[in-house]
file run-v1.txt (compact mmCIF, C-alpha atoms)
# COMPACT_ATOMS: atom_id res chain seq x y z
CA MET S 17 5.42 13.99 10.96
CA ILE S 18 1.72 13.94 10.08
CA ASP S 19 -0.11 17.09 11.14
CA PRO S 20 -3.61 16.85 12.65
CA MET S 21 -6.28 16.64 10.01
CA SER S 22 -9.44 18.67 9.84
CA GLY S 23 -12.48 17.35 8.07
CA THR S 24 -12.05 18.45 4.46
CA GLN S 25 -14.04 17.74 1.35
CA LYS S 26 -13.33 14.26 0.07
CA THR S 27 -12.58 13.33 -3.51
CA SER S 28 -14.64 10.19 -3.68
CA ASP S 29 -15.07 7.23 -5.94
CA PRO S 30 -18.56 6.08 -5.05
CA GLY S 31 -18.26 2.89 -7.05
CA VAL S 32 -15.35 1.42 -5.12
CA PHE S 33 -15.89 -1.50 -2.78
CA LEU S 34 -13.40 -3.24 -0.55
CA PRO S 35 -13.40 -7.02 -1.01
CA VAL S 36 -15.27 -9.29 1.38
CA ASP S 37 -12.56 -10.45 3.74
CA ASP S 38 -11.89 -10.85 7.46
CA MET S 39 -12.30 -7.10 7.99
CA THR S 40 -15.73 -7.16 6.39
CA LEU S 41 -16.75 -10.13 8.52
CA ASP S 42 -15.56 -8.39 11.67
CA ILE S 43 -17.58 -5.29 10.83
CA SER S 44 -20.57 -7.45 9.94
CA HIS S 45 -20.35 -9.21 13.29
CA GLU S 46 -20.16 -5.88 15.09
CA LEU S 47 -23.32 -4.74 13.29
CA ARG S 48 -25.21 -7.92 14.08
CA THR S 49 -26.62 -6.63 17.34
CA PRO S 50 -30.03 -4.97 17.70
CA LEU S 51 -29.99 -1.24 16.88
CA THR S 52 -26.23 -1.06 16.26
CA ALA S 53 -26.58 -0.82 12.49
CA ILE S 54 -29.22 1.88 12.87
CA GLN S 55 -27.06 3.83 15.29
CA VAL S 56 -24.08 3.60 12.92
CA THR S 57 -26.09 4.87 9.96
CA LEU S 58 -27.46 7.79 11.95
CA ASP S 59 -24.00 8.69 13.19
CA LEU S 60 -22.58 8.63 9.67
CA LEU S 61 -25.47 10.64 8.31
CA GLU S 62 -25.11 13.29 11.02
CA ARG S 63 -21.42 13.65 10.22
CA GLY S 64 -22.10 13.94 6.51
CA LYS S 65 -19.91 10.91 5.88
CA LEU S 66 -21.63 9.69 2.71
CA GLY S 67 -19.02 10.73 0.16
CA THR S 68 -17.37 7.34 -0.33
CA LEU S 69 -20.63 5.38 -0.41
CA SER S 70 -21.98 3.97 -3.63
CA GLU S 71 -25.42 5.20 -4.63
CA GLN S 72 -26.84 1.93 -3.33
CA GLY S 73 -25.09 2.45 -0.02
CA ARG S 74 -26.39 6.01 0.31
CA ARG S 75 -29.91 4.77 -0.36
CA MET S 76 -29.54 2.13 2.37
CA VAL S 77 -28.30 4.67 4.89
CA ARG S 78 -31.13 7.09 4.14
CA ILE S 79 -33.76 4.35 4.39
CA ALA S 80 -32.41 3.35 7.78
CA ALA S 81 -32.24 6.96 8.93
CA ASN S 82 -35.75 7.82 7.73
CA ASN S 83 -37.17 4.82 9.58
CA ALA S 84 -34.92 4.99 12.62
CA ASP S 85 -37.59 5.97 15.14
CA ARG S 86 -39.89 3.15 14.07
CA LEU S 87 -37.05 0.64 14.01
CA VAL S 88 -35.84 1.66 17.45
CA ARG S 89 -39.32 1.15 18.87
CA LEU S 90 -39.95 -2.17 17.21
CA THR S 91 -36.55 -3.83 17.03
CA THR S 92 -35.83 -6.27 19.81
CA SER S 93 -33.94 -8.91 17.86
CA LEU S 94 -31.93 -9.40 14.70
CA GLU S 95 -34.90 -10.98 12.94
CA GLN S 96 -36.76 -7.68 13.02
CA LEU S 97 -33.99 -5.64 11.36
CA PRO S 98 -34.39 -4.92 7.65
CA GLU S 99 -32.45 -7.53 5.72
CA PHE S 100 -30.20 -5.00 3.98
CA LEU S 101 -28.84 -3.76 7.33
CA LEU S 102 -27.28 -7.19 7.86
CA SER S 103 -26.16 -7.76 4.27
CA PRO S 104 -22.46 -8.13 3.30
CA ILE S 105 -22.90 -5.30 0.77
CA PHE S 106 -24.04 -2.88 3.45
CA ALA S 107 -21.30 -4.12 5.77
CA LYS S 108 -18.73 -3.28 3.11
CA GLU S 109 -20.25 0.15 2.65
CA LEU S 110 -20.10 0.89 6.36
CA MET S 111 -16.63 -0.58 6.61
CA CYS S 112 -15.29 1.92 4.07
CA LEU S 113 -16.81 4.82 5.92
CA ARG S 114 -15.88 3.71 9.40
CA LEU S 115 -12.33 2.89 8.39
CA GLU S 116 -11.95 6.29 6.81
CA THR S 117 -13.14 7.94 10.03
CA ASP S 118 -10.82 5.75 12.11
CA LEU S 119 -7.95 6.44 9.72
CA ARG S 120 -8.34 10.18 10.21
CA VAL S 121 -8.02 9.65 13.94
CA ALA S 122 -4.97 7.43 13.43
CA VAL S 123 -3.32 10.08 11.27
CA LYS S 124 -4.06 12.78 13.81
CA HIS S 125 -2.65 10.69 16.67
CA ARG S 126 0.31 9.42 14.62
CA GLU S 127 -0.66 5.78 14.98
CA LEU S 128 0.59 4.66 11.56
CA GLN S 129 3.99 3.06 11.37
CA LEU S 130 6.47 1.63 8.90
CA ASP S 131 8.13 -1.75 8.98
CA TYR S 132 11.05 -2.67 6.76
CA GLN S 133 11.46 -5.87 4.74
CA PRO S 134 15.01 -6.71 3.63
CA ILE S 135 15.86 -6.95 -0.07
CA ILE S 136 18.53 -9.58 -0.55
CA HIS S 137 21.26 -10.27 -3.09
CA LEU S 138 20.35 -13.86 -3.87
CA SER S 139 23.88 -15.04 -4.65
CA THR S 140 25.66 -13.58 -1.63
CA GLY S 141 22.81 -13.38 0.87
CA GLN S 142 23.73 -9.78 1.64
CA ILE S 143 21.09 -7.18 2.40
CA VAL S 144 21.09 -4.44 -0.25
CA GLY S 145 18.13 -2.45 0.99
CA PHE S 146 14.69 -2.43 2.56
CA GLU S 147 11.14 -1.87 1.40
CA ALA S 148 9.18 0.42 3.72
CA LEU S 149 5.76 -1.13 4.39
CA LEU S 150 2.89 0.70 6.02
CA ASN S 151 0.82 -0.81 8.81
CA TRP S 152 -1.68 0.30 11.40
CA GLN S 153 -2.79 -1.32 14.65
CA HIS S 154 -6.53 -0.75 14.41
CA PRO S 155 -8.21 -0.66 17.82
CA THR S 156 -10.73 -3.39 17.00
CA LEU S 157 -9.66 -5.00 13.70
CA GLY S 158 -6.02 -5.65 14.59
CA ILE S 159 -3.15 -4.98 12.22
CA LEU S 160 -4.09 -3.53 8.84
CA PHE S 161 -1.51 -3.51 6.06
CA ALA S 162 -0.63 -1.11 3.27
CA ASP S 163 -3.08 -2.39 0.64
CA GLN S 164 -6.00 -2.16 3.04
CA ILE S 165 -5.00 1.25 4.38
CA MET S 166 -4.25 2.84 1.04
CA GLN S 167 -7.44 1.56 -0.55
CA VAL S 168 -9.35 3.58 2.03
CA ALA S 169 -6.96 6.53 1.78
CA GLU S 170 -7.24 6.60 -2.02
CA MET S 171 -10.97 7.30 -1.68
CA SER S 172 -10.35 10.36 0.47
CA ASP S 173 -8.02 13.32 0.80
CA LEU S 174 -5.81 11.31 3.17
CA VAL S 175 -3.78 9.63 0.44
CA HIS S 176 -1.49 12.62 -0.16
CA LEU S 177 -0.86 13.15 3.54
CA ILE S 178 -0.13 9.49 4.27
CA GLY S 179 2.01 9.14 1.15
CA ALA S 180 4.09 12.18 2.05
CA TRP S 181 4.53 10.93 5.60
CA MET S 182 5.65 7.50 4.38
CA LEU S 183 8.24 9.07 2.11
CA TRP S 184 9.51 11.39 4.84
CA GLU S 185 9.56 8.70 7.53
CA ALA S 186 11.40 6.16 5.36
CA CYS S 187 14.04 8.65 4.22
CA GLU S 188 14.49 9.98 7.75
CA GLN S 189 14.83 6.47 9.14
CA LEU S 190 17.50 5.37 6.68
CA ARG S 191 19.45 8.59 7.20
CA THR S 192 19.22 8.13 10.99
CA TRP S 193 20.61 4.61 10.67
CA GLN S 194 23.43 5.89 8.48
CA LYS S 195 24.40 8.59 10.97
CA ARG S 196 24.16 6.41 14.09
CA TYR S 197 25.82 3.32 12.65
CA PRO S 198 28.54 4.46 10.22
CA GLY S 199 29.58 1.84 7.72
CA TYR S 200 26.58 -0.45 8.20
CA PHE S 201 23.84 1.34 6.28
CA ASP S 202 25.80 3.61 3.93
CA SER S 203 25.35 1.46 0.82
CA LEU S 204 21.75 0.41 1.51
CA CYS S 205 18.69 1.77 -0.27
CA ILE S 206 15.11 2.30 0.86
CA ASN S 207 12.15 1.44 -1.39
CA VAL S 208 8.96 3.46 -0.94
CA ASN S 209 5.67 2.93 -2.77
CA LEU S 210 3.95 5.78 -4.60
CA SER S 211 0.17 5.74 -5.06
CA SER S 212 -1.48 6.76 -8.30
CA LYS S 213 -2.67 10.05 -6.82
CA GLN S 214 0.84 10.85 -5.62
CA LEU S 215 2.26 10.09 -9.04
CA PHE S 216 -0.05 12.63 -10.66
CA ASP S 217 0.37 15.23 -7.92
CA PRO S 218 1.89 18.36 -9.54
CA HIS S 219 3.81 19.02 -6.30
CA LEU S 220 5.46 15.59 -6.15
CA ILE S 221 8.87 16.56 -7.50
CA GLN S 222 9.15 19.57 -5.21
CA GLN S 223 8.00 17.46 -2.28
CA VAL S 224 10.60 14.76 -2.94
CA GLU S 225 13.34 17.37 -3.30
CA GLN S 226 12.38 18.96 0.00
CA ILE S 227 12.29 15.63 1.82
CA LEU S 228 15.73 14.68 0.55
CA GLN S 229 17.08 18.09 1.47
CA HIS S 230 15.64 18.13 4.98
CA THR S 231 16.50 14.52 5.84
CA GLY S 232 19.94 14.67 4.23
CA LEU S 233 19.45 11.36 2.44
CA ALA S 234 21.25 10.97 -0.88
CA ALA S 235 18.86 10.59 -3.79
CA GLN S 236 20.77 7.49 -4.89
CA SER S 237 19.62 5.80 -1.66
CA LEU S 238 15.92 6.19 -2.55
CA ASN S 239 13.98 3.88 -4.85
CA LEU S 240 10.36 4.75 -5.64
CA GLU S 241 8.00 1.91 -6.51
CA ILE S 242 5.01 2.38 -8.78
CA THR S 243 2.46 -0.10 -10.08
CA GLU S 244 1.21 -0.36 -13.62
CA ASN S 245 -2.31 0.45 -12.44
CA ALA S 246 -1.02 3.70 -10.96
CA MET S 247 0.16 4.76 -14.41
CA MET S 248 -3.02 4.04 -16.29
CA GLY S 249 -4.60 6.91 -18.18
CA ASN S 250 -1.68 9.16 -19.06
CA THR S 251 1.51 7.37 -19.96
CA ALA S 252 3.04 10.51 -21.47
CA LEU S 253 2.66 12.45 -18.23
CA VAL S 254 3.99 9.51 -16.20
CA GLU S 255 7.07 9.42 -18.41
CA ILE S 256 7.73 13.11 -17.73
CA VAL S 257 7.34 12.64 -13.97
CA LEU S 258 9.59 9.58 -13.89
CA ASP S 259 12.25 11.38 -15.94
CA GLN S 260 12.19 14.25 -13.44
CA LEU S 261 12.54 11.86 -10.50
CA ARG S 262 15.42 10.03 -12.16
CA ALA S 263 17.09 13.35 -12.89
CA LEU S 264 17.30 13.82 -9.12
CA GLY S 265 19.22 10.54 -8.87
CA ILE S 266 16.28 8.43 -7.68
CA GLN S 267 15.74 4.97 -9.15
CA ILE S 268 12.30 3.86 -10.33
CA CYS S 269 10.95 0.36 -9.74
CA LEU S 270 7.89 -1.11 -11.46
CA ASP S 271 6.05 -3.12 -8.79
CA ASP S 272 3.84 -6.20 -9.33
CA PHE S 273 5.19 -6.75 -12.84
CA GLY S 274 3.02 -9.08 -14.89
CA VAL S 275 -0.27 -8.29 -13.20
CA GLY S 276 -1.45 -5.64 -15.68
CA TYR S 277 -2.30 -5.95 -19.35
CA SER S 278 0.33 -3.67 -20.80
CA CYS S 279 3.37 -4.51 -18.69
CA LEU S 280 5.62 -5.13 -21.70
CA ARG S 281 4.68 -1.75 -23.14
CA CYS S 282 5.66 -0.17 -19.79
CA LEU S 283 9.14 -1.65 -20.10
CA HIS S 284 9.51 -0.22 -23.58
CA GLU S 285 8.02 3.23 -23.01
CA LEU S 286 8.89 4.22 -19.45
CA PRO S 287 12.22 5.13 -17.83
CA LEU S 288 12.63 2.26 -15.35
CA ASP S 289 15.61 0.97 -13.38
CA MET S 290 14.07 -2.08 -11.71
CA LEU S 291 11.01 -4.28 -11.80
CA LYS S 292 9.53 -6.62 -9.24
CA VAL S 293 8.24 -9.95 -10.47
CA ASP S 294 4.87 -10.48 -8.82
CA ARG S 295 4.75 -13.19 -6.18
CA ARG S 296 2.17 -15.14 -8.18
CA PHE S 297 4.87 -15.93 -10.75
CA ILE S 298 7.26 -17.00 -8.00
CA ASP S 299 4.59 -19.36 -6.67
CA GLN S 300 4.51 -21.03 -10.09
CA LEU S 301 8.22 -21.80 -10.26
CA ASP S 302 7.48 -25.46 -9.55
CA SER S 303 5.90 -25.82 -12.99
CA GLU S 304 7.91 -25.80 -16.19
CA GLY S 305 5.69 -23.13 -17.66
CA GLY S 306 6.08 -20.91 -14.63
CA LYS S 307 9.83 -21.37 -14.59
CA HIS S 308 10.16 -20.50 -18.28
CA LEU S 309 7.99 -17.42 -17.82
CA VAL S 310 10.14 -16.05 -14.99
CA GLN S 311 13.25 -16.84 -17.03
CA ALA S 312 11.82 -14.86 -19.96
CA ILE S 313 11.04 -11.89 -17.73
CA VAL S 314 14.54 -11.89 -16.22
CA SER S 315 16.21 -12.17 -19.63
CA LEU S 316 14.06 -9.48 -21.21
CA ALA S 317 14.64 -7.05 -18.34
CA ARG S 318 18.38 -7.59 -18.29
CA ASN S 319 18.65 -7.12 -22.05
CA ILE S 320 17.20 -3.60 -21.71
CA GLY S 321 19.19 -2.73 -18.59
CA ILE S 322 16.52 -3.26 -15.94
CA GLU S 323 17.32 -5.08 -12.68
CA VAL S 324 14.88 -7.72 -11.44
CA ILE S 325 13.64 -8.27 -7.88
CA ALA S 326 11.67 -11.44 -7.11
CA GLU S 327 8.87 -10.88 -4.61
CA GLY S 328 7.41 -13.39 -2.19
CA ILE S 329 10.26 -15.89 -1.90
CA GLU S 330 9.16 -18.37 0.75
CA THR S 331 11.15 -21.56 0.21
CA ALA S 332 14.73 -22.69 -0.32
CA GLU S 333 13.65 -24.36 -3.56
CA GLN S 334 12.32 -21.08 -4.95
CA LEU S 335 15.59 -19.41 -4.03
CA ARG S 336 17.60 -22.14 -5.76
CA LYS S 337 15.57 -21.87 -8.96
CA LEU S 338 15.82 -18.08 -9.03
CA GLN S 339 19.57 -18.30 -8.60
CA GLY S 340 19.64 -20.68 -11.54
CA LEU S 341 17.71 -18.17 -13.63
CA ASN S 342 20.27 -15.44 -12.81
CA CYS S 343 17.76 -13.39 -10.84
CA TYR S 344 20.04 -11.45 -8.51
CA LEU S 345 17.68 -9.74 -6.04
CA GLY S 346 14.69 -10.86 -4.00
CA GLN S 347 12.64 -10.50 -0.88
CA GLY S 348 10.19 -12.63 1.05
CA TYR S 349 9.45 -14.46 4.27
CA PHE S 350 12.16 -17.00 3.51
CA PHE S 351 14.65 -14.29 4.44
CA ALA S 352 12.67 -12.11 6.82
CA LYS S 353 9.26 -10.70 7.52
CA PRO S 354 8.86 -6.92 7.65
CA LEU S 355 10.84 -5.70 10.67
CA SER S 356 10.52 -2.82 13.07
CA ALA S 357 13.26 -0.18 12.99
CA GLU S 358 14.71 -1.66 16.18
CA ALA S 359 14.75 -5.16 14.68
CA VAL S 360 16.56 -3.86 11.60
CA ILE S 361 19.37 -2.51 13.79
CA ALA S 362 19.67 -5.88 15.54
CA LEU S 363 19.82 -7.60 12.15
CA ILE S 364 22.41 -5.32 10.55
CA CYS S 365 24.66 -4.36 13.44
CA PRO S 366 26.65 -6.95 15.43
call {"tool": "encode", "arguments": {"input": "run-v1.txt", "output": "structure tokens"}}
result
Amino acid sequence: MIDPMSGTQKTSDPGVFLPVDDMTLDISHELRTPLTAIQVTLDLLERGKLGTLSEQGRRMVRIAANNADRLVRLTTSLEQLPEFLLSPIFAKELMCLRLETDLRVAVKHRELQLDYQPIIHLSTGQIVGFEALLNWQHPTLGILFADQIMQVAEMSDLVHLIGAWMLWEACEQLRTWQKRYPGYFDSLCINVNLSSKQLFDPHLIQQVEQILQHTGLAAQSLNLEITENAMMGNTALVEIVLDQLRALGIQICLDDFGVGYSCLRCLHELPLDMLKVDRRFIDQLDSEGGKHLVQAIVSLARNIGIEVIAEGIETAEQLRKLQGLNCYLGQGYFFAKPLSAEAVIALICP
């Protein structure tokens, strides 16, 4: 399980912004009350939580802090707040910082959880495995999903801790199912995503070995998913790491295939067992061009011994077309949304 975290020095990327989305709007709404934005900036400044701010964001915080006394005396309505305190840019800056602080609390209190989305054999309809997907019930923003959580975690020291917990929890869960329900889960695999920082962690191989040893899960039951973006910068080192993981018996899956600029080179240069066709290609199956593109991906992968998983299947028509293209595996809401561990048992066991 995740151990309590102490405040440690962050490794920051001060140029990273989260996109303007519902989370940003929620934070913006929360700040749109007199004095709240000032109070937030003072609180963050007192805690030294400026590491993940851009230079512009740091300047905004310091301006607000330096003028806090005057603003507190004079501010009685939103119209009197400096414009930047109510801007979407500043809201994004504060959102990153506040989410990081909240995420540390969630880690400490073990509030993160995994759900499991079935991976289906498209011809038989049988479940062949599950992808472990991270989520977090934020106290004010509602459910946050893996992309949102990991984007914040990647800008701090939390990414290694959360990544290790995900790997442990997923392996432990599958092994628990196997032991409690003999015959139902023995042949199933669990897919777990690796972040870029995990991939380049020099302790990764040892960590994976220890997790497999302590949970008792066979390496052949674990598939690790990586994205092309996670591999950028040092393909030679990535190849070494992936070879070491495969030597343990683990299979490697390239996630979001087709999104990056050098995806074909990845297929040629890296030791891969599977790839996931990005859902944007699946959405384009209705067009002839989209259909031919997916067909080309499936044929190319199969010719070099790589299995294909179609992501984001949502309709019976998409399923039918993928079957016609000899794509054998897939996942998506057409089959099932991500399920709790209890719901998985109800699905698999009679």
call {"tool": "atom_distance", "arguments": {"input": "run-v1.txt", "atom1": "atom CA of S:Glu241", "atom2": "atom CA of S:Asn207"}}
result
6.6 Å
call {"tool": "closest_residue", "arguments": {"input": "run-v1.txt", "among": "S:Ala359, S:Ile364, S:Ile221, S:Leu286", "to": "S:Phe201", "atoms": "all atoms listed in the file"}}
result
S:Ile364
call {"tool": "axis_aligned_box", "arguments": {"input": "run-v1.txt", "around": "stretch 169-177 of chain S", "padding_each_side": "6 Å", "output": "lines of an AutoDock Vina configuration file"}}
result
center_x = -5.9
center_y = 9.9
center_z = 0.8
size_x = 22.1
size_y = 18.8
size_z = 17.6
call {"tool": "atom_distance", "arguments": {"input": "run-v1.txt", "atom1": "atom CA of S:Ser303", "atom2": "atom CA of S:Glu333"}}
result
12.3 Å
call {"tool": "closest_residue", "arguments": {"input": "run-v1.txt", "among": "S:Lys337, S:His176, S:Arg281, S:His154", "to": "S:Thr251", "atoms": "all atoms listed in the file"}}
result
S:Arg281
call {"tool": "residues_near_point", "arguments": {"input": "run-v1.txt", "point": "(6.8, 6.8, -5.4)", "cutoff": "7 Å", "atoms": "all atoms listed in the file", "output": "ChimeraX atom specification"}}
result
/S:208-211,215,240-242
call {"tool": "residues_around", "arguments": {"input": "run-v1.txt", "residues": "S:Leu301", "least_positions_apart": "3", "cutoff": "8 Å", "atoms": "only C-alpha atoms", "output": "PyMOL selection string"}}
result
chain S and resi 297-298+304-307+310+334+337
